[in-house]
Every structure is written in C-alpha cells, then in structure tokens.
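Q: Okay, handing you the structure first.
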Amino acid sequence: MSWAEREPERLEQRIRIEPDGTVVALSGKIEFGQGIRTAFAQVVADELDVPIERVRVVLGDTAQVPWDMGTFGSRSVAQETPVLRRAAARAREELLARASHKLGVGVERLRTDDGYVRDGDGKRIAYADLVRDRPLAGAIPERVRFRPAAERRYAGKPMPRLEAREIVTGTARYTADVRLPGMAHGAIVRPPVRGASVRAIDDGAARAMPGVIAIVRDRDLIGVVAEREEQARAAADAVDVDWAVRPPREDKRWTIPLREDAGVDEALRAGALHLDASYTLPPISNAPIGPSAAVADVREDAATIYAGTQRPFGLREEIAEAVGLDEEQVRVLPQMPSGTYGRNSSGDASFEAAILSKHAKRPVHLQWTRAEEFAFAPTRPAAYLEVAAALDASGAIAAWRYDEHTNVHTGGGFDPRWGSEASGRNAEPHYRLPLARVTLRIEPTPLRTASFRSLAASENIFAIESFMDELAHASRQDPLAFRLRHVDDPRLRAVYERVAERSGWGRAVSAGCGLGIAGTIYHGTYIAEVAEVEVAPSGAVRLVRVWAAVDPGLTWNPDGVRNQIEGGIQQSASWTLLEQVKHRDARVVTAGWDTYPIATFRDAPEAIDVDVVGDESAPSTGVGEPGAVPIAAAIANAVFAACGARIRELPMTPERVRAARDARS
Amino acid sequence: MKFRLRINGTEREVDVPRRTTLLSVLRNDLGLTGTRFGCGAGQCGACFVIADGRAVASCLVTVDQAADLDITTVEGLAASAPTRGAPEDGALHAVQEAFVAEDAMQCGYCTSGMIMSAAALLARDPHPSEAAIRDALAGNLCRCGVYVRAIRAVKRAAEAAA
C-alpha cells in the first residue's frame, strides 16, 4: 500500500469520544522522545475544546490506528497535525449540530466549553452524551472552520511532555518493560559475522542447563528460550554452532545525477579563484541507550508483538510472513522505545522474538545486549565528499562540482535508488549557484547500513558548509556575508542573520577560541547555528556554547521545538568530536561504551541557545533532525577560526586537530 | 536461593540463583522496571539505584551483595526523602519535579538513572557547583542530548530544596 492508494481519511479513524468523556486521538506515528504525543494532544484539545488531560493519544497500534508508512524524516508534526486538527474541528462542528438538535437551540446560540456544549441559559450537555448512541463518523473535510487563535489554550505554549511524570517516577513502560503471563526470556546465538549460515549445531550442553525451555533453530536463526533472562543468555553461550561465513554480499553501485548543468568543468577552469577539498566521515552507530528489545506472543491463529518500531505496519507485514499468519492476525503494539533516531526502521528484535515465541509456544521477551546492538544493528554509512568551486572576479560562486560517495542510507524495504531523498539528502546546496553538477555515488560496503537521524544530510552539510567557509577565507570574505550573498530565500537569510545577532558574530573571543557558522534548509525547516569552541594545546576541542535560529513554520510547542533542536545539536556534536564504529573484515568490533565513547555531561556545552523564529503563517515543518545537521561544520569552522586548523575528517580527534594545526605552521 | 532485600523501605524476599544481578531481580522478580537495562557493564548509568546513599550500577551488584544494602529505586525515590506533600498524594522528589519543570528528557530511557545520581548528589552536597553536577552525572549517558537541561534541572532542584 502507498499513500496514493489510500482512501480519504475518516473521522472515526482519528477521533473517538469514550463514555467517560475521554477523547481518543489516533495516529500511526510513534513517540520516541520527539514530543509528538504532546503536540498532537495540544492540537486536538484546542480544536475540540477539551482539557488536555482528557485527551489520550493512541500511537501506532495496528489494531486501532489508520495505516501509516512510518515515523521518519521529521515529518510527524507536518503530516499529522493538519489531519488531526481538521478531524477535531469537524468533531466539534458535529457535536454542536447534535447539541442544537437535542436542545432545540440554534447552533449560533451554542458554544463549546471544556468538553460540554452550552447554551446561553445555563443548559449544558457533555460531549460523551452526544456520541453515546451514535459514535462520531464521516469524512474529514479538506476545509473546516478552526477555532479562533485567541481561544486556543495550548497551541503555541510550552508544555511539559505528557509522559513526563511517568518517566521521572519510573512507571513509564518501555518495550523491555512489558510483562505477560507465562512470559519466558529469549537470547540469540550470534554468528561471528552477520549473514553467516549454519552448517551444524551442537546444543546438547545447552539443553541440560537450568531453566531452558527450547532451543530454536529457524533457518539461520538460532536462539534459546528459558525461564529467566540470564539462563537464556548462559544457554545461548553454550550452544556450539559451526558457522559458514559467506563473503560479504557485493551490493550494486548506483551513480545518480542530482544536478547536471552543462559547462561546469569549463567554468571551474575559467574562474578567478579555484578551490577544491574533500571531506571524510566514518560509519557511526545510532547507539541507543536501550539496546533493541521486543516481546512477542505468537499463537496458532494470532500474534501480538510489543515492539520498538518506527514502522508498525511494515513490521506487521514482515512478522506475518515470518510466522506464517495473515497480516490481519498480527497486531503490532508499539511501545515507548529508548530513542533510536532511525534504527527502529529495522525490526530485528521483534522478528527474532516472534520466531522464538512461535517455536517455544510461550510469550517471549527478548533483550539484546549492548555488544549485540553495536555489532548487529545497522550503522550510518561512511561518506567521502569531493567539492570543487570557482569564484568569479567579484568573489561570487561561478561554478560548483560535488561528488558524494557513500552507501545506502535506508533499511526497511526502501528502494536505495530513492537517492536524493535518502543517501543524497541535502547534497544540493541551499545557495544560488549559477552552474553546478552534483552526483551521488552509492557504493558497496561490507557493513550493514541504514537510517540515522537526517540520513546523509549531516554528512553533506558538513562538507558543503565547511567548504563555504574555506571559500570565504580563501577569498578574504566574512563567512556569514559570503553565505548571504548566495541566499535568495528570505527565511534562510533570516535564520542566518538572527543566529549571527544572538551569538555576537564578529566579536572578539579569547585566545584559543573561535566562532563558526553553518546552516541549511532541511525538509522545509530553516536552521542556522553558531558554535563557539576552545582548542587546547593538545588539540582537544571543547564545545563552549552553541546558538541556533530555527524557523519550522507554525509551532505547537515552542519548548518542545527547543528541546529537539538542542538534542540534535548535542548528539551531532558527539558524532563530530568522538564517534566512529570500528570494523575489521566485515565485522564490527566496537562492542561497548568504552570503545565507542559518546558525549557525557562533562562534554556538554555551557549553554545551547535556541531561538525559534517560526513563521506562524507557514505550515509546520519538522524539528527532530534539523538541529543535528549544521553543527559539524559549525564546529569545524570554529576550530579553523580558533587555531587555523582545517579539519576535513571526522571525528575531530585531538591528534587530527594537532596534525592540521602543525601542518599549517 | 532465597535472599531478603531491603528495597524502597520494604523487606522483599526473592528466590533466584546466587549470581543474579540486582538489576535482573528488580526488573524480572519485583516488577520494578523503572530501573533500566543499558549495557550490563556499569558504563551507561541507566540502571543506577541508590544503595546506602550512593548511586550505583545495579547491573554490577549481585543479589547476594545487595542483601546487605539499603536500596532505593526510582519508584521509591519520592517516598525516601522529605517532599512538599505526602508521597501518597503523588508528590515528587525535588529532583523529579525539577526534571519535569525543565522538560529535561526526551525518550526518557536514561532519566531514572540520571535522577538517582542527582538525588544522591544533592543528599551529600545540597548546593553543588556546576562542575560538581557534571562530575556526579558523568556516568549517566544520554543519547537524546538533554545534558544542558538536566544540569539546569539539578540546579533548580538544589534551589527548591534551599
């Protein structure tokens, strides 16, 4: 199924009013920390005129919510709030009409108020009483009257997330916290290298171990089911498997032209100033704090999967096929997962738990170990980016050539050739370029790669915004002014100018410190960031402070927006300064936080100043990913400003910074 | 084997293998799933509980060792310290309140561990410097990146308690 084939959405798929007055709002999107549950509740509470506490948002339950392709690309608020808003407005309209009929009063004399319809004479009727015999139903019209902005209680106001209380008291239930009657625990016997096949198996010792219920073999998946988690793990370690390691599959190569103007090479040669540079990024791990987990209850004629997933409907299809049931017999119940930033597009643990449950005939809880998560989860691909440009006599860009070499950025059944949207995301610069050639080259890798926050945009913007800085310095122009002379879009100009103003762009900083700027347009969201860094004599880079200006159109929860942008900056600063997945002979050797350090409290900047300059008249765009996109270049540019070291390869280790600084002097 | 544990002010008895971790007992035998599994090696802080006043990784403590300790989990934190209201009325610990007020969380998976570290810190140092906060919470990894907010929340909690 695809978006195009879908029937128009119906009210009963989106809004339900329960007998106790609870308003249930339904969406196929998933909450994993972006705050969409809260934003959706704000929208529905405002348009339906009910207290937000009475709104229950059901996300992703395949038995209840309308079909959805998946939660990715920072599109949840953009895609879903307009529909939920229209549904809620339509519901309110319908409730007013029904109340008018019931009370014998014209609609114009009625108003809604906190879950009731009231007339002018003190009579009121609860929403629940208006739907008791006839639930809300019908088409959601494209055009429906919204409540006036002045009457909105929640939209546009900072709201703590609805799950906050459960989170801080530990009562929030994550996937790994699901407990079912008769539930057993699973563990998987892992091959030395992904994709190995089973030649022979000796499970004699494991079978005799305490608590073991079943040793499962389903094609090349081998697992143990036991009464206790640690018993399953111990028995899995005792299963002796003779693995046939296959040479890594040679993926296809694709060359995808994203922009091809004639005469680029000639113009590059003819320019007054020519510059080229290349940039390298290593594979990195989504590295969720909670490794993958799932609970599966697979029976003869039905299956329920408690999953951390971004694609409940895609997962339902895959599970149905794996356990031999019809799609309608499988219910995927997405649970609150640990933040995974794209990793949950692949439903590995759910798939494995389902197979174990089917064979063991028990509900099975499967918790991956930290080492399994590093070694068997997909990584963000490495990238090698070659840029060349020529400036004309006035110092403006005359021609631009960009070659992006990377691997497939998506998992979960997406066509890898969907290049510009995935592996080629943001490869085309957000600047006015008279002549350009931009080519995406998807190359093979022995690693398993898939989606990570913003896909290739962070890699491309690291290269593009670093190179813009190099061009500015090479032609003795201010990096901000150089950017702005290539910007036509007023919203892009506004975020660059705003972040410059807030950060005091151009001010003097202490010795060893520097400011760097970078920005982008990501899926319609405008963002610019300034980083202030301090470079130690050792070459160690400390991120002192960050400023961001973001325009995501109409915002529902400004503090939620700030939180997402701050998080994107902090996470991406960690990728930039610290992270690299190590691999050898197609095998990931990174296994724990000791060999894959990420930013800690000690590395956090003193402050991250996020200014939301949302244009209320523009449609909402996403904020989950954009914050992560420009910061690598902002940091690299700041390091250059601080000490003259141009860092073109990440992570920005002290050794690399020292080498670049020494090479210069 | 049978073990008697003192958890959140209550004696609890469990019958588990001797080398079972405290984390496993909390999550799988006592239904206290607010303490999260993250790495099993004491490197991430998701499983921190307060044992005899110190924040410790429950994945590194065996049930045998835990039997001698006074243990508080995130579920019992509000009841373990003086709060403005009675815990039965849903009053939160000052640190929990501050984390909600600052929205110092995103996915929330690391939050319980972070809160336990912060609560242990404020119990021994009610007015910590920012450097002391960073040091005390350095063992709590957060992938969503809410560090700046969390530091603000700990400061807020310290001020609220003053």
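Chain labels A, B, ... are given in the sequence in which chains occur in the structure tokens; within each chain residues are numbered consecutively from 1, and ligands are likewise numbered from 1 in the order shown.
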Distance cut-off 8 Å, counting only C-alpha atoms - which residues of chain B neighbour chain A? Return them as a ChimeraX atom specification.
A: /B:20,24,27,33-40,43-44,46,74-75,77,92,96,99-103,105-112,115,134-135,137-148
Q: Please give the complete set of residues from chain B that DSSP, run on the backbone, assigns to alpha helix (DSSP H), formatted as a compact mmCIF listing (two decimals) with C-alpha atoms, in the first residue's frame.
A:
# COMPACT_ATOMS: atom_id res chain seq x y z
CA LEU B 22 20.23 -6.78 41.40
CA LEU B 23 19.05 -5.26 38.11
CA SER B 24 17.53 -8.55 37.00
CA VAL B 63 21.64 -10.16 44.70
CA ASP B 64 23.97 -11.65 47.29
CA GLN B 65 25.83 -8.35 47.73
CA ALA B 66 22.58 -6.37 47.60
CA LEU B 77 12.55 7.97 45.47
CA ALA B 78 9.67 10.33 46.24
CA ALA B 79 8.88 8.43 49.43
CA SER B 80 12.52 8.27 50.51
CA ALA B 94 12.57 17.77 44.26
CA VAL B 95 14.80 16.32 41.53
CA GLN B 96 11.85 14.65 39.80
CA GLU B 97 9.86 17.86 39.97
CA ALA B 98 12.73 19.84 38.50
CA PHE B 99 13.21 17.40 35.63
CA VAL B 100 9.53 17.77 34.74
CA ALA B 101 9.65 21.55 35.05
CA THR B 111 16.13 9.62 33.02
CA SER B 112 15.62 7.33 36.00
CA GLY B 113 19.35 6.69 36.29
CA MET B 114 20.11 10.38 35.91
CA ILE B 115 17.60 11.26 38.61
CA MET B 116 19.13 8.75 41.01
CA SER B 117 22.62 10.23 40.50
CA ALA B 118 21.27 13.73 41.02
CA ALA B 119 19.33 12.77 44.14
CA ALA B 120 22.39 11.07 45.64
CA LEU B 121 24.48 14.15 44.83
CA LEU B 122 22.06 16.60 46.45
CA ALA B 123 21.77 14.41 49.52
CA ARG B 124 25.51 14.70 50.17
CA GLU B 130 28.07 23.16 38.05
CA ALA B 131 31.35 21.24 37.83
CA ALA B 132 30.24 19.01 40.70
CA ILE B 133 26.94 18.33 38.92
CA ARG B 134 28.75 17.41 35.71
CA ASP B 135 31.11 15.12 37.60
CA ALA B 136 28.35 13.43 39.58
CA TYR B 147 22.56 17.36 29.26
CA VAL B 148 22.20 21.15 29.34
CA ARG B 149 18.59 20.88 30.50
CA ALA B 150 19.43 18.22 33.06
CA ILE B 151 22.15 20.41 34.57
CA ARG B 152 19.58 23.19 34.81
CA ALA B 153 17.14 20.79 36.46
CA VAL B 154 19.64 19.73 39.11
CA LYS B 155 20.38 23.38 39.90
CA ARG B 156 16.66 24.06 40.11
CA ALA B 157 16.18 21.13 42.49
CA ALA B 158 19.02 22.43 44.68
CA GLU B 159 17.41 25.86 44.79
CA ALA B 160 13.97 24.42 45.53
CA ALA B 161 15.32 22.50 48.48
Q: Between A:Arg86, A:Arg658, A:Arg54, A:Arg432, which is the closest to Phe146 (chain A) once you count only C-alpha atoms?
A: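 The shortest atom-to-atom distance to Phe146 (chain A) comes from A:Arg86.
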Q: Show me, as a PyMOL selection string, the residues that have an atom within 9 Å of Met209 (chain A) when counting only C-alpha atoms, minus same-chain residues fewer than 2 positions from it.
A: chain A and resi 205-207+211-212+231+234-235+238
Q: Just the number, please: distance in Å from CA of Glu532 (chain A) to CA of Ala636 (chain A), one decimal.
A: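 The value is 10.2 Å.
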Q: Of the candidates A:Val530, A:Leu435, A:Met468, A:Leu484, which shows the shortest atom-to-atom distance to Asp261 (chain A), using only C-alpha atoms?
A: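 Checking each candidate against Asp261 (chain A), we get A:Leu435 as the closest.
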Q: Tell me, in Å to one decimal, how far CA of Val629 (chain A) is from CA of Ala457 (chain A).
A: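 Taking CA of Val629 (chain A) as the start and CA of Ala457 (chain A) as the end point, the length is 6.3 Å.
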Q: Please extract the residues of chain B with a backbone DSSP assignment of strand (DSSP E) and present them as a ChimeraX atom specification.
A: /B:2-7,10-15,48-51,54-57,70-72
Q: As a ChimeraX atom specification, please: the residues near Asn460 (chain A) (cut-off 9 Å, only C-alpha atoms, same-chain neighbours under 4 positions excluded).
A: /A:383,385,404,424-429,456,464-465,629
Q: Just give me the gap between CA of Arg16 (chain A) and CA of Lys157 (chain A) in Å, one decimal is fine.
A: 25.0 Å
Q: Which of these, A:Leu433, A:Ala232, A:Ile635, A:Ala353, has the shortest distance to Ala307 (chain A) once you count only C-alpha atoms?
A: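 Comparing A:Leu433, A:Ala232, A:Ile635, A:Ala353 against Ala307 (chain A), the winner is A:Ala353.
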Q: List the spatial neighbours of region 2-15 of chain B as JSON, numbers by chain - criterion: any atom at most 6 Å away, only C-alpha atoms, same-chain residues fewer than 5 positions off excluded.
A: {"B": [67, 70, 71, 72, 76]}
Q: For region 639-652 of chain A, find every residue with an atom within 6 Å (counting only C-alpha atoms), except residues of its own chain fewer than 6 positions away, and show them as an MDAnalysis selection string.
A: chainID A and resid 279:281 512:514 576:579 660:661
